[in-house]
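Engineer: Here it is, the structure, as structure tokens.
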Amino acid sequence: MSEKAPLLELKKVSKSFISGGKPLTILNELDLTIYIGETVAITGPSGSGKSTLLGLLAGLDTLSAGEIFLEGTPIHNWNEDQRAAWRRTQVGFVFQDFRLVPSFTAIENISLPLEILGTDAQEAEQKAKDFLDKLGLSERGHHYPHQLSGGEQQRVAIGRAYAHQPKLIFADEPTGNLDPKTSEQVLKSLMTMNENTHTTLALVTHDMELAETMERHVSLKNGRIEQRKS
Ligand code: ADP
Ligand code: MG
């Protein structure tokens, strides 16, 4: 890799679940560094632990063993409040199934999280409109998720993920529910947004072609990371 500085470092990270009364180790002494400003794809077969890994990186879940450092500071001992604060302020998520709030319009789906973070209501609404504009959705601001196509919903979700200017975006199979043509458009929106905001992006996919478009590609195998391209 380049001279980029580490944003998140996982050192000998393990994660086990209890399954049928027995521990099942999904991640096994895994090492991974995500560098500031890079785009990295994480691939691996279904069930290999990709979503589990993102959950640990994002502070949604806790490790069974090992260490995580955020810009050099250990964070594996953070409590739920500390992890929640980091997620809310520094992290943006894009999920396979969009996860927009059904009773909120496109504008509200982007502006209400900003308001929760303390942005004044009018400013938050303006910001939401600006993001929808950038995503080519200015005509869709007052539509509810059920009135939007899958690709449009995912672009709103991308606006929501970036609107609070997070340090890091986690995208878990962001095009997994979309047809190839729509996937291409959504990916283009995601990458344009990412370039314009200089955000670090960790994207999980089982699409090898998509993975190769990221600056770096690692894959999960037997609970560990293999470098594919750097
Ligand atoms: P991927 O995203 O690569 O498809 P996941 O990270 O979702 O894989 O899951 C990896 C494995 O961990 C699967 O076998 C899954 O059943 C198991 N798993 C994930 N979360 C839990 C959980 N909360 N409890 C028990 N097993 C889990
Ligand atoms: Mg998954």
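FYI, nothing fancy with the structure tokens labels: chains A, B, ... in order, residues from 1 per chain, ligands from 1 as they appear.
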Write as a list in words the residues around ligand 1, taking 7 Å as the cut-off and counting only C-alpha atoms and all ligand atoms.

Structural biologist: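 Those within range of ligand 1 are Phe17, Ile18, Ser19, Ile26, Gly44, Pro45, Ser46, Gly47, Ser48, Gly49, Lys50, Ser51, Thr52 and Leu53 of chain A.
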
Engineer: Determine, counting only C-alpha atoms, which protein, DNA and RNA residues have an atom within 8 Å of an atom of region 154-166 of chain A; residues of the same chain fewer than 6 positions away are not included. Present the result as a VMD selection string.

Structural biologist: chain A and resid 89 to 94 98 to 100 106 109 to 111 113 to 114 127 to 128 131 to 132 135 137 174 186 189 to 190 193 197 199

Engineer: Could you pull out the residues in region 34-68 of chain A that DSSP calls strand (DSSP E or B) from the backbone, as a count of residues only?

Structural biologist: 11

Engineer: What lies within 6 Å of region 221-226 of chain A using only C-alpha atoms, ignoring chain neighbours under 5 positions off, as a list in words?

Structural biologist: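 The neighbour list is Ile26, Leu27, Asn28 and Leu30 of chain A.
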
Engineer: Write to file, as a PDB file, in the first residue's frame, the residues of the selection just made, with all heavy atoms.

Structural biologist:
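File written: part39.pdb
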```pdb
ATOM      1  N   ILE A  26     -15.911 -17.376  13.597  1.00  0.00           N
ATOM      2  CA  ILE A  26     -16.118 -16.823  12.253  1.00  0.00           C
ATOM      3  C   ILE A  26     -14.875 -16.070  11.794  1.00  0.00           C
ATOM      4  O   ILE A  26     -14.426 -16.219  10.661  1.00  0.00           O
ATOM      5  CB  ILE A  26     -17.348 -15.876  12.240  1.00  0.00           C
ATOM      6  CG1 ILE A  26     -18.599 -16.602  12.744  1.00  0.00           C
ATOM      7  CG2 ILE A  26     -17.580 -15.288  10.856  1.00  0.00           C
ATOM      8  CD1 ILE A  26     -18.953 -17.846  11.956  1.00  0.00           C
ATOM      9  N   LEU A  27     -14.326 -15.244  12.675  1.00  0.00           N
ATOM     10  CA  LEU A  27     -13.095 -14.516  12.363  1.00  0.00           C
ATOM     11  C   LEU A  27     -12.025 -15.018  13.324  1.00  0.00           C
ATOM     12  O   LEU A  27     -12.258 -15.123  14.532  1.00  0.00           O
ATOM     13  CB  LEU A  27     -13.297 -13.012  12.515  1.00  0.00           C
ATOM     14  CG  LEU A  27     -14.468 -12.429  11.703  1.00  0.00           C
ATOM     15  CD1 LEU A  27     -14.633 -10.943  11.995  1.00  0.00           C
ATOM     16  CD2 LEU A  27     -14.290 -12.675  10.207  1.00  0.00           C
ATOM     17  N   ASN A  28     -10.866 -15.352  12.757  1.00  0.00           N
ATOM     18  CA  ASN A  28      -9.869 -16.060  13.541  1.00  0.00           C
ATOM     19  C   ASN A  28      -8.511 -15.356  13.484  1.00  0.00           C
ATOM     20  O   ASN A  28      -7.770 -15.503  12.531  1.00  0.00           O
ATOM     21  CB  ASN A  28      -9.763 -17.488  12.993  1.00  0.00           C
ATOM     22  CG  ASN A  28      -8.902 -18.382  13.850  1.00  0.00           C
ATOM     23  OD1 ASN A  28      -8.539 -18.011  14.972  1.00  0.00           O
ATOM     24  ND2 ASN A  28      -8.563 -19.547  13.319  1.00  0.00           N
ATOM     25  N   LEU A  30      -7.673 -12.307  12.900  1.00  0.00           N
ATOM     26  CA  LEU A  30      -7.608 -11.580  11.624  1.00  0.00           C
ATOM     27  C   LEU A  30      -6.895 -10.236  11.797  1.00  0.00           C
ATOM     28  O   LEU A  30      -7.109  -9.520  12.769  1.00  0.00           O
ATOM     29  CB  LEU A  30      -9.045 -11.386  11.159  1.00  0.00           C
ATOM     30  CG  LEU A  30      -9.401 -10.507   9.978  1.00  0.00           C
ATOM     31  CD1 LEU A  30     -10.695 -11.039   9.368  1.00  0.00           C
ATOM     32  CD2 LEU A  30      -9.580  -9.057  10.361  1.00  0.00           C
TER      33      LEU A  30
END
```

Engineer: Pick the closest to ligand 2 from A:Thr205, A:Thr119, A:Thr33, A:Ser64: which is it, counting only C-alpha atoms and all ligand atoms?

Structural biologist: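 Smallest distance to ligand 2 is found for A:Thr205.
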
Engineer: Can you list, as a PyMOL selection string, all residues belonging to region 76-128 of chain A that DSSP tags as alpha helix (DSSP H)?

Structural biologist: chain A and resi 80-90+106-116+121-128

Engineer: Using only C-alpha atoms, can you tell me which of A:Leu112, A:Leu10, A:Ala124, A:Leu117 comes closest to Gly66 (chain A)?

Structural biologist: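 Using only C-alpha atoms, Gly66 (chain A) sits closest to A:Leu10.
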
Engineer: Rounded to one decimal place, report the CA of Leu220 (chain A)-CA of Thr25 (chain A) distance in Å.

Structural biologist: 13.4 Å

Engineer: Which residue out of A:Val218, A:Leu54, A:Ile116, A:Met208 has the minimum interatomic distance to ligand 2 when only C-alpha atoms and all ligand atoms are used?

Structural biologist: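 Result for the nearest residue to ligand 2: A:Leu54.
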
Engineer: For ligand 2, which residue among A:Ala121, A:Ile42, A:Leu210, A:Ile68 is the nearest when counting only C-alpha atoms and all ligand atoms?

Structural biologist: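 Among the listed residues, A:Ile42 lies closest to ligand 2.
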
Engineer: With only C-alpha atoms as the atoms that count, which of A:Leu168, A:Ala202, A:Val101, A:Leu70 lies nearest to Tyr144 (chain A)?

Structural biologist: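 Closest to Tyr144 (chain A) of all the choices is A:Val101.
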
Engineer: Which one of A:Ser14, A:Asn196, A:Gln153, A:Gln96 sits closest to ligand 2 if you count only C-alpha atoms and all ligand atoms?

Structural biologist: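 Checking each candidate against ligand 2, we get A:Gln96 as the closest.
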